[in-house]
Structure formats: structure tokens, C-alpha cells
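**Q** Structure in C-alpha cells, see below.
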Amino acid sequence: MTETSSELIVFENVSKFYGEILGVNRVSLEVPAGITSLVGPNGAGKTTLMNLMCGLLRPTRGEVTVLGIPTDQPERLFRKVGYCSQFDSFPRGLTGREFISAFLMVSGYPRREADELTEAALNRVELLPAADRKIGAYSKGMRQRVRLAQSIAHQPSVLILDEPLNGLDPMVRAETIALFKQLAADGLHLIISSHILHEVDMMSDRVVLLNNGYVVAEGEIQGVRDDMDIEHPVQVLIRCNRPAALAAQMFGKTEVIEARLHDDRQGLFVKTRNPDQFYLSLNEVVAQGEISVESIAPVDDDLSAVYDYLIGAQ
Amino acid sequence: MSSTAETIQKKTEATNGANVSLWLRQISAILRLELKKNFFGKRSLLVYLLAMMPIGLLIMVETINPLGRETAQLPTVFSIFYNSLILRTVVFFGCAWIFMNLFRGEIVDRSLHYYFLSSVRREVLVTGKYVSGLLTSVILFSTVTVVCMLIVFFSHFYSSSTRFFFDGPGFSQLFWYVAITILACVGYGAFFLVVGLFVRNPIIPALMLYGWEWINFLLPPLLKKISVIHYLNSLVPVPVSEGPFAVVAEPTPAWISIPGLLIVTALVLILAGTRIHRMEIRYGSD
């Protein structure tokens with residue numbers, strides 16, 4: 001069945017320039033329900049595309065509509081759209097619960113309803129125990145989760161997530177991916193930006209590849225990642241309390257091809273050609289309780305090579 | 001998403017019919033957030049210091065050397081004090097700080113996008129923020145005006161001051177000083193709100209307006225009318241001489257100056273609404 005524009009996110013020949021600097025150029029896209037990942041190196045235009053979808057930016061040329069709603073009508077748009085941005089900042093002095101509830105009320109929800117939705121959203125991201133603490137005292141992962149909770153609190157039909165897994169520990173990362181899959185199964189549009197191709201593969205129905213402000217490819221990339229794994233190992237930086245001990249454990253794993261301490265001795269770089277197995281192994285190590293992982297983040301070193309590979313394969 | 005979501009959306013769409021009630025609810029939610037920030041945020045410290053300045057100064061002066069030697073002088077003494085320190089300095093810079101930070105402060109803190117990502121018309125957001133700034137400034141500076149007048153009158157001449165207030169024009173003068181303070185907050189507030197929206201460094205336009213307001217007494221009558229202070233001075237209950245170099249102009253009657261100020265304020269707020277409707281979030285370039 002063909003989907004109408006009221007069921008799609010539509011970019012019609014959209015360009016965005018910051019003065020003379022190109023953000024995105026001549027983007028024409030139709031995004032259906034399900035999980036769509038925007039993939040590209042830093043500066044490719046992923047965040048620009050997301051900000052255009054939310055009306056935080058206005059296109060220099062072209063038009064963007066989300067489920068048939070123009071993006072310059074926030075009062076209609078954000079009944080249906082939730083956006084978890086990358087800006088790691090919050091209004092001062094609020095607890096997690098106050099933050100979510102306050103902005104639901106700004107959207108017009110009566111207090112009781114706002115409180116109920118806040119409770120449900122906090123529960124969904126497993127942040128209820130810390131709900132009444134000031135956000136200023138949250139860890140990076142908790143701040144990421146409270147932003148996620150805020151974006152899903154009003155139960156939107158379209159969820160836009162800019163690097164939503166950054167800063168999350170392995171367990172929460174896996175749970176969050178499961179949450180995204182569940183939301184997509186419920187019929188939501190999920191637009192997720194990421195430069196962790198392994199995670200993109202795990203959760204996406206389709207992928208939009210961006211480079212230098214242009215869409216270089218879109219569609220399913222199932223299978224491509226497997227090929228890339230052979231030639232392009234994934235590198236991950238793990239911040240933890242005992243990186244040397246973690247390195248010792250990781251050396252023994254067959255899927256790990258390199259483990260190297262960070263210069264500040266508070267992190268560990270790990271290269272792997274089998275990310276699925278690596279994350280499972282890491283979970284096992286963390287579950288033993290001797291090492292406390294603060295964050296896991298992809299390292300960008302190999303990304304341009306990956307893109308050369310992908311673009312070359314067109 | 002789920003049946004709950006559909007229910008919420010249906011409810012919300014139903015509420016859309018009653019837009020005014022929705023907007024009022026949204027403005028009240030914005031007020032709650034903003035008033036908390038305005039009164040208890042770190043940035044409010046400067047406004048409190050500014051507001052305490054005339055009170056502290058008066059207490060000090062009245063302790064050492066009273067401003068007036070007899071009750072008859074006190075209305076003039078307070079008028080000079082009010083005009084030069086409270087209105088032109090405390091209310092002016094207080095409003096500049098409060099209203100400019102409504103948007104500029106959030107751009108600096110990188111938290112404005114949460115408002116922009118809410119299901120609220122941006123014009124409603126401007127209104128909510130403006131009203132919050134207005135409430136804050138009116139509460140603070142009206143209190144300062146009242147306390148200062150009471151200190152000037154009651155610190156040394158209790159019985160004659162009591163007569164001045166209860167049997168004379170005291171309360172009427174107090175009413176007009178508070179009214180002028182409120183109108184100053186209304187007018188300066190709208191100006192500074194817009195400046196905070198348009199200009200990356202709002203200090204320069206604030207100082208330019210400050211200079212313009214101070215040299216107002218030297219300007220020809222026509223130019224005098226392009227200022228806020230001219231209309232406020234027209235309402236002062238005890239007019240005072242502006243010095244030998246002042247260009248004398250007819251004061252504008254209250255029935256023109258008050259609605260005039262309110263109309264100009266409304267136009268400035270419409271300009272703010274237009275600006276914010278097209279505003280982008282690009283913290284990097286701010």
C-alpha cells in the first residue's frame with residue numbers, strides 16, 4: 001500500500017546553508033514508519049537534517065513536512081514529534097521529574113496528566129530512582145536518559161534521536177535499543193543518527209548515508225556491514241574505573257584484536273571485528289561487578305575509511 | 001504509539017478548540033518555570049543587589065545626615081531621588097538584566113530549544129516570558145519604590161509624615177510613583193526583550209538607550225517624545241527642575257502617555273513575536 005504524505009516525513013529538494021557554509025544540499029527523502037538511521041561522519045549533515053525536521057532550523061530552499069505538518073507550526077508539530085537532541089544542557093535547578101513535567105505543562109497538559117506521563121516516561125528509561133535528584137548531579141548516561149524520557153513523554157508518533165546511545169553503559173544501551181525496536185513495532189517513525197555502524201545494523205529498517213551535506217545512499221544495508229567488518233575493525237573507547245584490569249580480561253577474547261590504554265589512564269581503546277560478540281563479552285565482564293563502566297563511545301578514526309568503502313560500493 | 005497515546009492526542013485535539021484556555025494554561029506553565037529562575041536563579045543575584053542599592057544608600061544617608069531638614073522638603077527630595085536613582089538607574093538596568101536574559105540567557109545556557117521543542121506557539125512563549133519578566137520586575141522595583149519613600153518620610157518626621165500620608169497627598173504620590181515604576185517595567189521590558197532576541201551583545205544597545213534617556217532633558221520637544229522617560233516624567237507627581245540647560249517641553253497628559261506607552265509596548269511585542277517565529281537554534285553561532 002502506498003503511503004501518503006500525511007504518513008511520511010518528506011524532504012522536498014531541501015538545502016540549508018549557514019552563510020556560505022553548506023549544511024545539507026538538495027535533499028529529497030521520504031521516510032516511512034520504522035527505524036531509519038542517519039549515518040555519516042562528523043559534519044556530514046545528520047544533525048542539520050534532524051534540526052530541519054523539528055523546525056529548529058529553517059531550510060534555505062525546499063520544504064520539510066512531518067506527517068503532513070509544516071515544520072514552522074510547533075504547536076501542531078510537537079503533538080506528534082519528540083526530539084532527543086545532542087545538546088547536553090538543561091534549564092538550571094530542576095530535578096529530572098520537574099524537567100519532564102514542566103515541559104509537558106508548557107505543551108498544555110494539565111498537571112495531573114503531565115505527572116502521569118512523566119512517571120511513565122521515567123519508568124520507561126529506568127530513571128525513577130533518580131527522578132527527584134537535580135539534573136546537575138546526574139552522570140552523562142543519566143542526562144542522556146532524562147533527555148530521552150523527555151522526548152518520549154508525550155507519546156509522539158515520530159521520535160527523532162540524535163546520537164541517543166552516546167554515554168550509555170552496555171546494559172542500558174541494549175535496553176534502549178530494545179525500547180527503540182518496541183516503539184518502531186508500535187508503528188512509530190524513529191529517526192536515529194549514529195556513527196556506530198554496528199548499532200545501526202542491529203536496529204535499523206533503513207539507512208540514509210550522508211557525506212558533506214549530501215545524501216549519498218539510502219535504503220537497506222543489510223549485509224554490507226558484514227563485509228565491512230572484515231576490512232574495517234570497529235574501535236571503541238571504554239571509560240571505567242580499572243582500565244588496566246579490563247584490558248587484561250579483554251586480551252583473552254578472540255574477537256578483540258587490539259586493546260590499548262588511553263593516555264589519561266582512565267579509559268581503554270578496544271578494536272574488534274566482531275562487535276556483537278565483543279559487547280556480549282563486555283557485558284559479562286561488567287556483570288562480575290569488579291569493574292565499573294562509566295561510558296562507551298565509538299572512536300571516529302576509522303569512519304572515513306568506512307565511508308570510502310560504502311560510497312565506493314555504490 | 002499506543003492506545004494511551006491516541007487518547008492523549010484526541011484529548012489534546014479536543015482542547016485545541018478552546019485555544020485561549022490552552023494558551024493561558026501554557027503561559028501559566030511558562031510563568032512557573034521562569035519565575036523560579038528569575039527569583040531564585042544565579043542570575044537574580046545581580047538584580048537583588050541593584051534593588052538593595054537605593055534602600056541601603058538611603059538608610060546610610062538618613063543615619064548620617066538626613067536628606068530633608070523639614071517635612072515640606074521631603075516630596076521634592078524623594079522626587080529627585082526617585083527620578084535619578086530608582087527610575088533611571090535601578091529600574092532601567094534591572095529591567096535590562098531581567099528581560100534580556102529571558103531569551104539571551106537561555107541561548108547562553110543552551111536550553112532554549114526545550115521551549116522550541118514543546119507544542120506551544122512561539123508567540124505564546126514570548127508572551128509567557130514577557131509576563132514573567134514583568135511580574136518579577138514589578139514586584140521587586142515597586143517594593144523598592146515603596147520602601148524608599150517610607151524611609152525618606154518616616155525616618156525622622158514620623159508624626160508630620162503620618163499626616164502627609166493620611167491627611168495629605170502622600171498616598172496619591174505613592175500611587176503615582178508605583179504606577180510610573182510599573183509603566184517603566186512595561187516599556188523598558190518590551191524594549192529589552194526584543195533587544196535580547198535580535199542582538200548577540202545586548203549591552204551596547206542598552207547603554208545607547210541609557211545615554212538617550214539621560215540626555216532627554218537637552219533634546220528639542222519633538223525628539224523628547226521618542227523616549228520612554230519623557231512619558232514617565234510627565235506622570236511624576238512632584239515635578240523637579242532639570243537644570244539650567246534643560247529644554248522645557250509641555251508634559252504629555254496621562255491620558256495620552258499611558259495608552260501611548262502601552263500601544264508602543266504592544267507593537268514591540270508583536271515585533272518580538274515575528275522575530276521568534278523565524279528564529280533558529282544555532283547555539284554555536286551565538
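Chain identifiers are assigned as A, B, and so on, following the order in which chains appear in the C-alpha cells; residues are numbered from 1 within each chain, and ligands are numbered from 1 in order of appearance.
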Applying 12 Å and only C-alpha atoms, which residues near Phe93 in chain B remain after dropping the ones on its own chain fewer than 3 positions away? List them as number ranges by chain.

**A** B: 46-51, 85-90, 96-100, 137, 141, 184-185, 188-189, 192, 202-203, 206-207, 209-210

**Q** Those selected residues, please, written with C-alpha atoms and delivered as a PDB file, in the first residue's frame.

**A**
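That gives us part-v2.pdb:
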```
ATOM      1  CA  LEU B  46      22.637  40.994  40.448  1.00  0.00           C
ATOM      2  CA  VAL B  47      19.028  42.241  40.373  1.00  0.00           C
ATOM      3  CA  TYR B  48      18.738  41.855  44.148  1.00  0.00           C
ATOM      4  CA  LEU B  49      21.948  43.826  44.637  1.00  0.00           C
ATOM      5  CA  LEU B  50      20.659  46.529  42.296  1.00  0.00           C
ATOM      6  CA  ALA B  51      17.321  46.652  44.117  1.00  0.00           C
ATOM      7  CA  LEU B  85      18.464  56.721  41.127  1.00  0.00           C
ATOM      8  CA  ILE B  86      15.407  54.457  41.237  1.00  0.00           C
ATOM      9  CA  LEU B  87      13.834  55.104  37.839  1.00  0.00           C
ATOM     10  CA  ARG B  88      16.804  55.938  35.640  1.00  0.00           C
ATOM     11  CA  THR B  89      19.294  53.518  37.144  1.00  0.00           C
ATOM     12  CA  VAL B  90      17.776  50.723  39.233  1.00  0.00           C
ATOM     13  CA  ALA B  96      17.731  45.307  31.126  1.00  0.00           C
ATOM     14  CA  TRP B  97      19.147  42.360  33.080  1.00  0.00           C
ATOM     15  CA  ILE B  98      15.834  40.581  33.678  1.00  0.00           C
ATOM     16  CA  PHE B  99      14.324  40.941  30.203  1.00  0.00           C
ATOM     17  CA  MET B 100      17.451  40.449  28.126  1.00  0.00           C
ATOM     18  CA  SER B 137      10.458  43.485  37.831  1.00  0.00           C
ATOM     19  CA  PHE B 141      11.001  47.557  41.897  1.00  0.00           C
ATOM     20  CA  ALA B 184       8.758  51.744  33.222  1.00  0.00           C
ATOM     21  CA  CYS B 185       8.914  47.958  33.614  1.00  0.00           C
ATOM     22  CA  TYR B 188      11.755  49.071  29.129  1.00  0.00           C
ATOM     23  CA  GLY B 189      10.877  45.386  29.488  1.00  0.00           C
ATOM     24  CA  PHE B 192      15.000  44.808  26.284  1.00  0.00           C
ATOM     25  CA  PRO B 202      22.689  43.444  24.177  1.00  0.00           C
ATOM     26  CA  ILE B 203      24.879  45.618  26.440  1.00  0.00           C
ATOM     27  CA  ALA B 206      21.201  49.097  26.461  1.00  0.00           C
ATOM     28  CA  LEU B 207      23.928  51.680  27.047  1.00  0.00           C
ATOM     29  CA  LEU B 209      19.265  53.792  25.275  1.00  0.00           C
ATOM     30  CA  TYR B 210      20.582  54.752  28.711  1.00  0.00           C
TER      31      TYR B 210
END
```

**Q** With a distance threshold of 8 Å and counting only C-alpha atoms, extract the residues of chain B near chain A and express them as an MDAnalysis selection string.

**A** chainID B and resid 1:2 5 9 12 22:23 25:27 29:30 33 37 41 106 109:111 113:122 277:282

**Q** Tell me, which residues of range 114-192 of chain A carry DSSP alpha helix (DSSP H), written as a tab-separated table (two decimals) with N, CA and C atoms, in the first residue's frame?

**A**
```
chain	number	residue	atom	x	y	z
A	114	ALA	N	0.24	15.48	33.18
A	114	ALA	CA	1.68	15.65	32.99
A	114	ALA	C	2.45	14.77	33.97
A	115	ASP	N	1.98	14.72	35.21
A	115	ASP	CA	2.66	13.90	36.22
A	115	ASP	C	2.61	12.41	35.85
A	116	GLU	N	1.45	12.00	35.35
A	116	GLU	CA	1.32	10.58	34.97
A	116	GLU	C	2.24	10.24	33.80
A	117	LEU	N	2.26	11.10	32.80
A	117	LEU	CA	3.12	10.86	31.63
A	117	LEU	C	4.59	10.89	32.02
A	118	THR	N	4.93	11.81	32.94
A	118	THR	CA	6.32	11.91	33.42
A	118	THR	C	6.73	10.61	34.09
A	119	GLU	N	5.86	10.13	34.95
A	119	GLU	CA	6.14	8.88	35.69
A	119	GLU	C	6.37	7.73	34.69
A	120	ALA	N	5.51	7.65	33.70
A	120	ALA	CA	5.62	6.57	32.72
A	120	ALA	C	6.92	6.68	31.91
A	121	ALA	N	7.27	7.90	31.53
A	121	ALA	CA	8.48	8.09	30.72
A	121	ALA	C	9.73	7.77	31.52
A	122	LEU	N	9.75	8.23	32.79
A	122	LEU	CA	10.91	7.95	33.64
A	122	LEU	C	11.05	6.45	33.88
A	123	ASN	N	9.92	5.82	34.04
A	123	ASN	CA	9.92	4.38	34.24
A	123	ASN	C	10.47	3.66	33.01
A	124	ARG	N	10.09	4.16	31.85
A	124	ARG	CA	10.49	3.51	30.60
A	124	ARG	C	12.01	3.57	30.40
A	140	LYS	N	26.61	11.43	32.91
A	140	LYS	CA	26.34	11.67	31.49
A	140	LYS	C	25.25	10.73	30.96
A	141	GLY	N	25.34	9.47	31.37
A	141	GLY	CA	24.35	8.49	30.92
A	141	GLY	C	22.95	8.83	31.42
A	142	MET	N	22.88	9.30	32.66
A	142	MET	CA	21.56	9.67	33.22
A	142	MET	C	20.99	10.89	32.50
A	143	ARG	N	21.87	11.83	32.17
A	143	ARG	CA	21.39	13.02	31.45
A	143	ARG	C	20.85	12.61	30.07
A	144	GLN	N	21.55	11.66	29.46
A	144	GLN	CA	21.10	11.17	28.16
A	144	GLN	C	19.73	10.52	28.30
A	145	ARG	N	19.55	9.76	29.38
A	145	ARG	CA	18.28	9.07	29.57
A	145	ARG	C	17.14	10.03	29.90
A	146	VAL	N	17.45	11.08	30.66
A	146	VAL	CA	16.37	12.02	31.01
A	146	VAL	C	15.94	12.80	29.76
A	147	ARG	N	16.91	13.04	28.86
A	147	ARG	CA	16.54	13.71	27.58
A	147	ARG	C	15.66	12.78	26.76
A	148	LEU	N	16.03	11.49	26.77
A	148	LEU	CA	15.23	10.51	26.05
A	148	LEU	C	13.82	10.43	26.63
A	149	ALA	N	13.76	10.41	27.96
A	149	ALA	CA	12.44	10.37	28.62
A	149	ALA	C	11.61	11.59	28.24
A	150	GLN	N	12.25	12.74	28.19
A	150	GLN	CA	11.53	13.98	27.86
A	150	GLN	C	10.98	13.91	26.44
A	151	SER	N	11.76	13.29	25.54
A	151	SER	CA	11.32	13.25	24.14
A	151	SER	C	10.18	12.24	23.92
A	152	ILE	N	10.08	11.23	24.77
A	152	ILE	CA	9.01	10.24	24.58
A	152	ILE	C	7.82	10.46	25.51
A	170	PRO	N	26.75	-0.52	28.66
A	170	PRO	CA	26.32	-1.61	27.78
A	170	PRO	C	24.91	-2.12	28.07
A	171	MET	N	24.58	-2.25	29.36
A	171	MET	CA	23.27	-2.79	29.71
A	171	MET	C	22.16	-1.85	29.24
A	172	VAL	N	22.33	-0.58	29.60
A	172	VAL	CA	21.29	0.41	29.26
A	172	VAL	C	21.23	0.56	27.74
A	173	ARG	N	22.39	0.49	27.09
A	173	ARG	CA	22.45	0.58	25.63
A	173	ARG	C	21.59	-0.52	24.99
A	174	ALA	N	21.75	-1.73	25.48
A	174	ALA	CA	20.98	-2.86	24.93
A	174	ALA	C	19.49	-2.67	25.20
A	175	GLU	N	19.18	-2.19	26.42
A	175	GLU	CA	17.76	-1.97	26.76
A	175	GLU	C	17.16	-0.85	25.92
A	176	THR	N	17.99	0.16	25.66
A	176	THR	CA	17.49	1.29	24.88
A	176	THR	C	17.22	0.87	23.43
A	177	ILE	N	18.11	0.07	22.90
A	177	ILE	CA	17.89	-0.43	21.53
A	177	ILE	C	16.60	-1.26	21.49
A	178	ALA	N	16.41	-2.07	22.53
A	178	ALA	CA	15.18	-2.87	22.60
A	178	ALA	C	13.95	-1.95	22.66
A	179	LEU	N	14.09	-0.85	23.42
A	179	LEU	CA	12.99	0.11	23.52
A	179	LEU	C	12.68	0.71	22.16
A	180	PHE	N	13.73	1.07	21.42
A	180	PHE	CA	13.52	1.65	20.08
A	180	PHE	C	12.79	0.65	19.18
A	181	LYS	N	13.22	-0.61	19.26
A	181	LYS	CA	12.58	-1.63	18.41
A	181	LYS	C	11.11	-1.78	18.78
A	182	GLN	N	10.85	-1.71	20.09
A	182	GLN	CA	9.46	-1.83	20.55
A	182	GLN	C	8.62	-0.67	20.03
A	183	LEU	N	9.19	0.54	20.12
A	183	LEU	CA	8.48	1.73	19.65
A	183	LEU	C	8.21	1.64	18.15
A	184	ALA	N	9.21	1.15	17.41
A	184	ALA	CA	9.03	1.01	15.95
A	184	ALA	C	7.95	-0.03	15.66
A	185	ALA	N	7.94	-1.10	16.46
A	185	ALA	CA	6.91	-2.14	16.28
A	185	ALA	C	5.52	-1.58	16.56
```

**Q** Considering only C-alpha atoms, can you say which of A:Val236, A:Val200, A:Leu161, A:Leu49 comes closest to Ser15 in chain A?

**A** A:Leu49

**Q** For the structure I just gave you, how does DSSP split range 97-295 of chain A - specifically, which residues are strand (DSSP E)? Reply as an MDAnalysis selection string.

**A** chainID A and resid 158:162 189:194 206:211 214:219 234:240 256:261 267:272 293:295

**Q** I'd like the contact shell of Val131 in chain B - 8 Å cut-off, only C-alpha atoms, skipping same-chain residues fewer than 4 positions apart - returned as a PDB file with N, CA and C atoms, in the first residue's frame.

**A**
```pdb
ATOM      1  N   LEU B  31       5.251  30.643  33.118  1.00  0.00           N
ATOM      2  CA  LEU B  31       5.446  31.531  34.272  1.00  0.00           C
ATOM      3  C   LEU B  31       6.090  30.797  35.446  1.00  0.00           C
ATOM      4  N   THR B 127       4.926  35.801  25.006  1.00  0.00           N
ATOM      5  CA  THR B 127       4.010  36.409  25.982  1.00  0.00           C
ATOM      6  C   THR B 127       4.305  35.898  27.391  1.00  0.00           C
ATOM      7  N   LEU B 135       6.277  40.518  35.890  1.00  0.00           N
ATOM      8  CA  LEU B 135       5.916  40.231  37.286  1.00  0.00           C
ATOM      9  C   LEU B 135       7.133  40.393  38.193  1.00  0.00           C
TER      10      LEU B 135
END
```
